$ cat upload.cif   # mmCIF, C-alpha atoms
data_input
loop_
_atom_site.label_atom_id
_atom_site.label_comp_id
_atom_site.auth_asym_id
_atom_site.auth_seq_id
_atom_site.Cartn_x
_atom_site.Cartn_y
_atom_site.Cartn_z
CA MET A 1 -91.40 -77.17 59.11
CA ASP A 2 -90.93 -73.70 57.71
CA PHE A 3 -92.69 -70.83 59.50
CA SER A 4 -92.20 -68.52 56.51
CA ARG A 5 -94.51 -70.50 54.22
CA ASP A 6 -97.83 -68.96 53.32
CA HIS A 7 -101.09 -70.55 54.46
CA PHE A 8 -101.67 -72.34 51.17
CA ALA A 9 -98.17 -73.84 51.11
CA LEU A 10 -98.56 -74.90 54.73
CA PHE A 11 -101.32 -77.29 53.61
CA GLY A 12 -99.77 -78.07 50.21
CA LEU A 13 -102.58 -76.28 48.39
CA PRO A 14 -102.40 -74.07 45.31
CA ARG A 15 -102.88 -70.33 45.80
CA THR A 16 -106.44 -70.15 44.56
CA TYR A 17 -109.72 -68.76 45.80
CA ALA A 18 -111.66 -71.88 44.88
CA LEU A 19 -110.74 -74.49 47.47
CA ASP A 20 -112.09 -77.93 48.21
CA LEU A 21 -113.13 -77.29 51.81
CA GLU A 22 -113.40 -80.99 52.61
CA GLU A 23 -109.79 -81.42 51.46
CA LEU A 24 -108.76 -78.42 53.56
CA ASP A 25 -110.51 -79.95 56.59
CA ARG A 26 -108.70 -83.26 56.02
CA LEU A 27 -105.30 -81.57 55.63
CA TYR A 28 -105.95 -79.50 58.75
CA ARG A 29 -106.75 -82.58 60.84
CA GLU A 30 -103.63 -84.34 59.54
CA ALA A 31 -101.41 -81.35 60.32
CA GLN A 32 -102.88 -80.92 63.80
CA ALA A 33 -102.45 -84.62 64.51
CA LYS A 34 -98.71 -84.19 63.90
CA VAL A 35 -98.07 -81.01 65.87
CA HIS A 36 -100.76 -80.77 68.54
CA PRO A 37 -99.09 -79.93 71.87
CA ASP A 38 -100.79 -82.87 73.60
CA ARG A 39 -98.70 -85.21 71.45
CA HIS A 40 -95.49 -83.62 72.73
CA VAL A 41 -95.98 -83.55 76.50
CA LEU A 42 -93.01 -85.82 77.13
CA LEU A 43 -90.59 -83.63 75.16
CA GLY A 44 -88.51 -80.76 76.48
CA ASP A 45 -89.70 -77.19 76.90
CA ALA A 46 -88.25 -76.02 73.58
CA GLU A 47 -89.95 -78.83 71.63
CA ARG A 48 -93.27 -78.21 73.36
CA ARG A 49 -93.05 -74.49 72.58
CA LEU A 50 -92.29 -75.28 68.95
CA ALA A 51 -95.26 -77.65 68.78
CA MET A 52 -97.47 -74.92 70.27
CA GLN A 53 -96.21 -72.42 67.68
CA TRP A 54 -96.93 -74.85 64.87
CA SER A 55 -100.36 -75.64 66.21
CA THR A 56 -101.14 -71.93 66.43
CA GLN A 57 -99.88 -71.30 62.89
CA ILE A 58 -101.91 -74.21 61.51
CA ASN A 59 -105.05 -72.97 63.30
CA GLU A 60 -104.56 -69.45 61.96
CA ALA A 61 -103.96 -70.71 58.42
CA TYR A 62 -107.01 -72.97 58.58
CA GLN A 63 -109.32 -70.24 59.91
CA THR A 64 -108.11 -67.84 57.21
CA LEU A 65 -108.53 -70.28 54.34
CA ARG A 66 -111.81 -71.74 55.61
CA ARG A 67 -113.78 -68.50 55.30
CA PRO A 68 -114.29 -67.06 51.80
CA LEU A 69 -113.94 -63.42 52.87
CA SER A 70 -110.71 -63.91 54.80
CA ARG A 71 -109.34 -66.24 52.10
CA ALA A 72 -109.94 -63.59 49.43
CA LYS A 73 -108.40 -60.89 51.60
CA TYR A 74 -105.36 -63.09 52.27
CA LEU A 75 -104.92 -63.94 48.58
CA LEU A 76 -105.01 -60.27 47.65
CA ALA A 77 -102.52 -59.44 50.43
CA LEU A 78 -100.15 -62.08 49.04
CA GLY A 79 -100.39 -60.17 45.75
CA GLY A 80 -99.62 -56.87 47.46
CA ILE A 81 -103.19 -55.51 47.60
CA GLU A 82 -104.44 -54.41 51.01
CA VAL A 83 -108.22 -54.16 50.98
CA ASP A 84 -108.53 -52.45 54.37
CA GLN A 85 -107.29 -49.23 52.85
CA GLU A 86 -110.06 -46.71 52.31
CA ARG A 87 -111.15 -46.61 48.73
CA ARG A 88 -114.01 -44.86 47.07
CA MET A 89 -117.09 -46.96 46.64
CA SER A 90 -119.81 -46.28 44.13
CA SER A 91 -122.50 -43.91 45.33
CA GLU A 92 -125.07 -46.46 44.14
CA PHE A 93 -123.62 -49.13 46.43
CA LEU A 94 -123.38 -46.72 49.37
CA MET A 95 -126.98 -45.58 48.87
CA GLN A 96 -128.10 -49.21 48.80
CA GLN A 97 -126.26 -49.83 52.07
CA MET A 98 -127.98 -46.83 53.68
CA GLU A 99 -131.37 -48.12 52.51
CA TRP A 100 -130.62 -51.59 53.90
CA ARG A 101 -129.55 -50.16 57.25
CA GLU A 102 -132.67 -47.99 57.45
CA ALA A 103 -134.86 -51.01 56.69
CA VAL A 104 -133.09 -53.03 59.40
CA ALA A 105 -133.48 -50.20 61.93
CA GLU A 106 -137.19 -49.81 61.11
CA ALA A 107 -137.85 -53.56 61.33
CA ARG A 108 -135.94 -53.77 64.61
CA ALA A 109 -137.85 -50.84 66.09
CA ALA A 110 -141.15 -52.39 64.99
CA LEU A 111 -140.09 -55.79 66.36
CA ALA A 112 -140.79 -57.16 62.88
CA GLY A 113 -138.95 -60.47 62.98
CA GLU A 114 -140.48 -61.68 59.70
CA GLU A 115 -139.25 -58.58 57.89
CA LEU A 116 -135.77 -59.06 59.36
CA GLU A 117 -135.83 -62.68 58.17
CA ARG A 118 -136.76 -61.50 54.65
CA LEU A 119 -133.95 -58.93 54.69
CA HIS A 120 -131.55 -61.60 55.91
CA LEU A 121 -132.50 -64.03 53.15
CA ARG A 122 -132.40 -61.32 50.48
CA LEU A 123 -128.97 -60.13 51.55
CA LYS A 124 -127.60 -63.71 51.78
CA SER A 125 -128.86 -64.37 48.25
CA GLU A 126 -127.28 -61.18 46.92
CA MET A 127 -124.01 -61.98 48.66
CA ALA A 128 -123.95 -65.53 47.26
CA LEU A 129 -124.02 -64.03 43.77
CA GLN A 130 -121.23 -61.65 44.67
CA TYR A 131 -119.10 -64.46 46.06
CA GLN A 132 -119.54 -66.25 42.72
CA LYS A 133 -118.43 -63.08 40.91
CA LEU A 134 -115.47 -62.86 43.28
CA GLN A 135 -114.40 -66.36 42.30
CA VAL A 136 -114.59 -65.38 38.63
CA GLN A 137 -112.47 -62.29 39.32
CA PHE A 138 -109.79 -64.46 40.91
CA GLU A 139 -109.95 -66.99 38.06
CA GLN A 140 -109.43 -64.15 35.58
CA SER A 141 -106.57 -62.69 37.66
CA ALA A 142 -108.51 -59.44 37.98
CA ALA A 143 -107.10 -58.49 41.38
CA ALA A 144 -108.27 -54.87 41.37
CA ALA A 145 -111.85 -55.87 40.53
CA ALA A 146 -111.68 -58.64 43.14
CA ALA A 147 -110.49 -56.11 45.73
CA ASP A 148 -113.40 -53.77 44.94
CA LEU A 149 -115.90 -56.60 45.20
CA LEU A 150 -114.29 -57.80 48.42
CA ARG A 151 -114.68 -54.34 49.97
CA GLN A 152 -118.38 -54.46 49.13
CA LEU A 153 -118.69 -57.91 50.64
CA MET A 154 -117.01 -56.68 53.81
CA PHE A 155 -119.70 -54.01 54.12
CA GLN A 156 -122.39 -56.59 53.49
CA GLU A 157 -120.98 -59.04 56.04
CA LYS A 158 -121.22 -56.27 58.65
CA LEU A 159 -124.78 -55.55 57.59
CA LEU A 160 -125.61 -59.25 57.85
CA ALA A 161 -124.25 -59.24 61.40
CA GLU A 162 -126.45 -56.23 62.17
CA ILE A 163 -129.49 -58.10 60.88
CA ASP A 164 -128.57 -61.12 63.00
CA ASP A 165 -128.21 -58.87 66.05
CA ALA A 166 -131.59 -57.30 65.33
CA LEU A 167 -133.18 -60.73 64.98
CA THR A 168 -131.71 -61.79 68.31
CA ALA A 169 -133.03 -58.62 69.95
CA VAL A 170 -136.50 -59.07 68.46
CA GLU A 171 -136.67 -62.74 69.48
CA ALA A 172 -135.59 -61.98 73.05
#
$ encode --input "upload.cif" --output "C-alpha coordinates"
Amino acid sequence: MDFSRDHFALFGLPRTYALDLEELDRLYREAQAKVHPDRHVLLGDAERRLAMQWSTQINEAYQTLRRPLSRAKYLLALGGIEVDQERRMSSEFLMQQMEWREAVAEARAALAGEELERLHLRLKSEMALQYQKLQVQFEQSAAAAAADLLRQLMFQEKLLAEIDDALTAVEA
(Lines of atoms letter the chains of each structure in order from A and count residues from 1; the text may use other names and numbers.)
(Lines give C-alpha, C1' and ligand atoms only; values in the text may rest on other atoms or scores of the structure.)
Protein backbone atom coordinates (compact mmCIF):
# COMPACT_ATOMS: atom_id res chain seq x y z
CA MET A 1 0.00 0.00 0.00
CA ASP A 2 1.14 3.50 -0.81
CA PHE A 3 0.99 6.09 1.99
CA SER A 4 1.32 8.95 -0.49
CA ARG A 5 -2.07 8.32 -2.12
CA ASP A 6 -4.82 10.81 -1.47
CA HIS A 7 -7.94 9.80 0.45
CA PHE A 8 -10.00 9.20 -2.68
CA ALA A 9 -7.34 6.99 -4.27
CA LEU A 10 -6.98 5.07 -1.02
CA PHE A 11 -10.56 3.83 -1.50
CA GLY A 12 -10.40 3.69 -5.31
CA LEU A 13 -12.88 6.55 -5.63
CA PRO A 14 -12.90 9.43 -8.10
CA ARG A 15 -11.99 12.88 -6.79
CA THR A 16 -15.49 14.26 -6.61
CA TYR A 17 -17.65 15.99 -4.04
CA ALA A 18 -20.67 13.82 -4.77
CA LEU A 19 -19.93 10.44 -3.21
CA ASP A 20 -22.05 7.36 -2.69
CA LEU A 21 -21.73 7.19 1.09
CA GLU A 22 -22.94 3.60 1.24
CA GLU A 23 -20.15 2.66 -1.18
CA LEU A 24 -17.65 4.60 0.92
CA ASP A 25 -18.85 2.74 4.03
CA ARG A 26 -18.45 -0.61 2.25
CA LEU A 27 -14.95 0.26 0.99
CA TYR A 28 -13.97 1.45 4.46
CA ARG A 29 -15.08 -1.81 6.09
CA GLU A 30 -13.21 -3.83 3.45
CA ALA A 31 -10.02 -1.81 3.93
CA GLN A 32 -10.21 -2.04 7.72
CA ALA A 33 -10.80 -5.78 7.52
CA LYS A 34 -7.47 -6.10 5.70
CA VAL A 35 -5.30 -3.87 7.86
CA HIS A 36 -6.88 -3.75 11.32
CA PRO A 37 -4.14 -4.32 13.91
CA ASP A 38 -6.12 -7.12 15.57
CA ARG A 39 -5.61 -9.19 12.41
CA HIS A 40 -1.83 -8.85 12.73
CA VAL A 41 -1.17 -9.73 16.37
CA LEU A 42 0.96 -12.73 15.46
CA LEU A 43 3.28 -10.73 13.20
CA GLY A 44 6.46 -8.95 14.19
CA ASP A 45 6.66 -5.46 15.66
CA ALA A 46 7.38 -3.79 12.32
CA GLU A 47 4.39 -5.43 10.62
CA ARG A 48 2.09 -4.55 13.51
CA ARG A 49 3.27 -0.92 13.41
CA LEU A 50 2.65 -0.81 9.67
CA ALA A 51 -0.84 -2.25 10.14
CA MET A 52 -1.53 0.40 12.81
CA GLN A 53 -0.33 3.14 10.45
CA TRP A 54 -2.57 1.86 7.68
CA SER A 55 -5.53 1.57 10.00
CA THR A 56 -4.98 5.14 11.16
CA GLN A 57 -4.66 6.42 7.59
CA ILE A 58 -7.82 4.60 6.52
CA ASN A 59 -9.74 6.01 9.51
CA GLU A 60 -8.55 9.53 8.76
CA ALA A 61 -9.44 9.23 5.08
CA TYR A 62 -12.87 7.81 5.90
CA GLN A 63 -13.69 10.53 8.45
CA THR A 64 -12.61 13.23 5.99
CA LEU A 65 -14.60 11.88 3.06
CA ARG A 66 -17.67 10.95 5.13
CA ARG A 67 -18.49 14.52 6.16
CA PRO A 68 -19.48 16.98 3.40
CA LEU A 69 -17.69 19.96 4.93
CA SER A 70 -14.38 18.19 5.45
CA ARG A 71 -14.67 16.45 2.05
CA ALA A 72 -15.13 19.81 0.31
CA LYS A 73 -12.24 21.34 2.25
CA TYR A 74 -10.02 18.37 1.36
CA LEU A 75 -10.96 18.52 -2.33
CA LEU A 76 -10.12 22.21 -2.46
CA ALA A 77 -6.81 21.59 -0.66
CA LEU A 78 -5.93 18.96 -3.28
CA GLY A 79 -6.48 21.73 -5.84
CA GLY A 80 -4.23 24.13 -3.94
CA ILE A 81 -6.97 26.21 -2.29
CA GLU A 82 -6.75 26.57 1.49
CA VAL A 83 -10.09 27.72 2.87
CA ASP A 84 -8.84 28.42 6.39
CA GLN A 85 -7.13 31.54 5.16
CA GLU A 86 -8.97 34.70 6.12
CA ARG A 87 -10.96 36.07 3.26
CA ARG A 88 -13.45 38.85 3.09
CA MET A 89 -17.02 37.76 3.41
CA SER A 90 -19.98 39.77 2.22
CA SER A 91 -21.30 42.27 4.72
CA GLU A 92 -24.78 40.86 4.08
CA PHE A 93 -23.67 37.39 5.16
CA LEU A 94 -21.84 38.73 8.21
CA MET A 95 -24.86 40.80 9.26
CA GLN A 96 -27.06 37.73 8.92
CA GLN A 97 -24.65 35.78 11.13
CA MET A 98 -24.78 38.52 13.78
CA GLU A 99 -28.58 38.47 13.69
CA TRP A 100 -28.63 34.68 14.05
CA ARG A 101 -26.23 34.80 16.99
CA GLU A 102 -28.29 37.51 18.70
CA ALA A 103 -31.46 35.45 18.23
CA VAL A 104 -29.73 32.39 19.70
CA ALA A 105 -28.44 34.39 22.68
CA GLU A 106 -31.89 35.87 23.34
CA ALA A 107 -33.64 32.49 23.08
CA ARG A 108 -31.04 30.91 25.35
CA ALA A 109 -31.39 33.68 27.94
CA ALA A 110 -35.18 33.34 27.83
CA LEU A 111 -34.92 29.54 28.06
CA ALA A 112 -37.00 29.42 24.88
CA GLY A 113 -36.38 25.87 23.70
CA GLU A 114 -39.09 26.05 21.02
CA GLU A 115 -37.50 29.15 19.50
CA LEU A 116 -34.10 27.44 19.51
CA GLU A 117 -35.66 24.43 17.77
CA ARG A 118 -37.14 26.75 15.11
CA LEU A 119 -33.77 28.44 14.61
CA HIS A 120 -32.10 25.04 14.37
CA LEU A 121 -34.54 23.80 11.73
CA ARG A 122 -34.35 27.04 9.75
CA LEU A 123 -30.56 27.01 9.72
CA LYS A 124 -30.41 23.30 8.78
CA SER A 125 -32.78 23.99 5.88
CA GLU A 126 -30.71 26.94 4.69
CA MET A 127 -27.52 24.92 4.96
CA ALA A 128 -29.02 22.01 3.00
CA LEU A 129 -29.60 24.40 0.10
CA GLN A 130 -26.06 25.68 0.38
CA TYR A 131 -24.64 22.16 0.36
CA GLN A 132 -26.58 21.56 -2.87
CA LYS A 133 -25.07 24.75 -4.33
CA LEU A 134 -21.65 23.57 -3.19
CA GLN A 135 -22.10 20.33 -5.12
CA VAL A 136 -23.01 22.33 -8.23
CA GLN A 137 -19.91 24.49 -7.79
CA PHE A 138 -17.73 21.38 -7.70
CA GLU A 139 -19.51 19.87 -10.71
CA GLN A 140 -18.84 23.09 -12.64
CA SER A 141 -15.20 23.16 -11.49
CA ALA A 142 -15.81 26.56 -9.91
CA ALA A 143 -13.25 26.14 -7.13
CA ALA A 144 -13.14 29.79 -6.04
CA ALA A 145 -16.93 29.96 -5.71
CA ALA A 146 -16.92 26.61 -3.90
CA ALA A 147 -14.29 27.94 -1.48
CA ASP A 148 -16.38 31.04 -0.73
CA LEU A 149 -19.47 28.94 -0.12
CA LEU A 150 -17.48 26.53 2.03
CA ARG A 151 -16.27 29.39 4.22
CA GLN A 152 -19.88 30.41 4.76
CA LEU A 153 -20.85 26.86 5.62
CA MET A 154 -18.02 26.69 8.14
CA PHE A 155 -19.50 29.74 9.88
CA GLN A 156 -22.93 28.17 9.79
CA GLU A 157 -21.72 24.84 11.17
CA LYS A 158 -20.28 26.72 14.15
CA LEU A 159 -23.57 28.55 14.60
CA LEU A 160 -25.43 25.24 14.44
CA ALA A 161 -23.18 23.92 17.21
CA GLU A 162 -23.97 27.03 19.26
CA ILE A 163 -27.69 26.39 18.82
CA ASP A 164 -27.22 22.76 19.87
CA ASP A 165 -25.29 23.90 22.95
CA ALA A 166 -28.04 26.38 23.79
CA LEU A 167 -30.68 23.68 23.40
CA THR A 168 -28.74 21.40 25.73
CA ALA A 169 -28.43 24.20 28.29
CA VAL A 170 -32.13 25.04 28.09
CA GLU A 171 -33.18 21.39 28.40
CA ALA A 172 -30.93 20.82 31.43
$ residues_around --input "upload.cif" --residues "stretch 90-93 of chain A" --least-positions-apart "6" --cutoff "12 Å" --atoms "only C-alpha atoms" --output "PyMOL selection string"
chain A and resi 99-100+148-149+151-153+155-156
$ resolve_selection --input "upload.cif" --expression "the PyMOL selection byres ((chain A and resi 116-132) around 9)" --output "PyMOL selection string"
chain A and resi 68-69+100+103-104+107-108+111-115+133-137+149-150+152-153+156-157+159-160+163-164+166-167
$ atom_distance --input "upload.cif" --atom1 "atom CA of A:Leu13" --atom2 "atom CA of A:Leu27"
9.4 Å
$ closest_residue --input "upload.cif" --among "A:Glu22, A:Val170, A:His7, A:Gly79" --to "A:Ala109" --atoms "only C-alpha atoms"
A:Val170
$ atom_distance --input "upload.cif" --atom1 "atom CA of A:Arg71" --atom2 "atom CA of A:Phe138"
11.3 Å
$ closest_residue --input "upload.cif" --among "A:Pro14, A:Ile58, A:Ala144, A:Arg49" --to "A:Ile81" --atoms "all atoms listed in the file"
A:Ala144
$ axis_aligned_box --input "upload.cif" --around "stretch 60-76 of chain A" --padding-each-side "5 Å" --output "JSON"
{"center_x": -109.1, "center_y": -66.6, "center_z": 54.8, "size_x": 20.3, "size_y": 22.7, "size_z": 24.3}
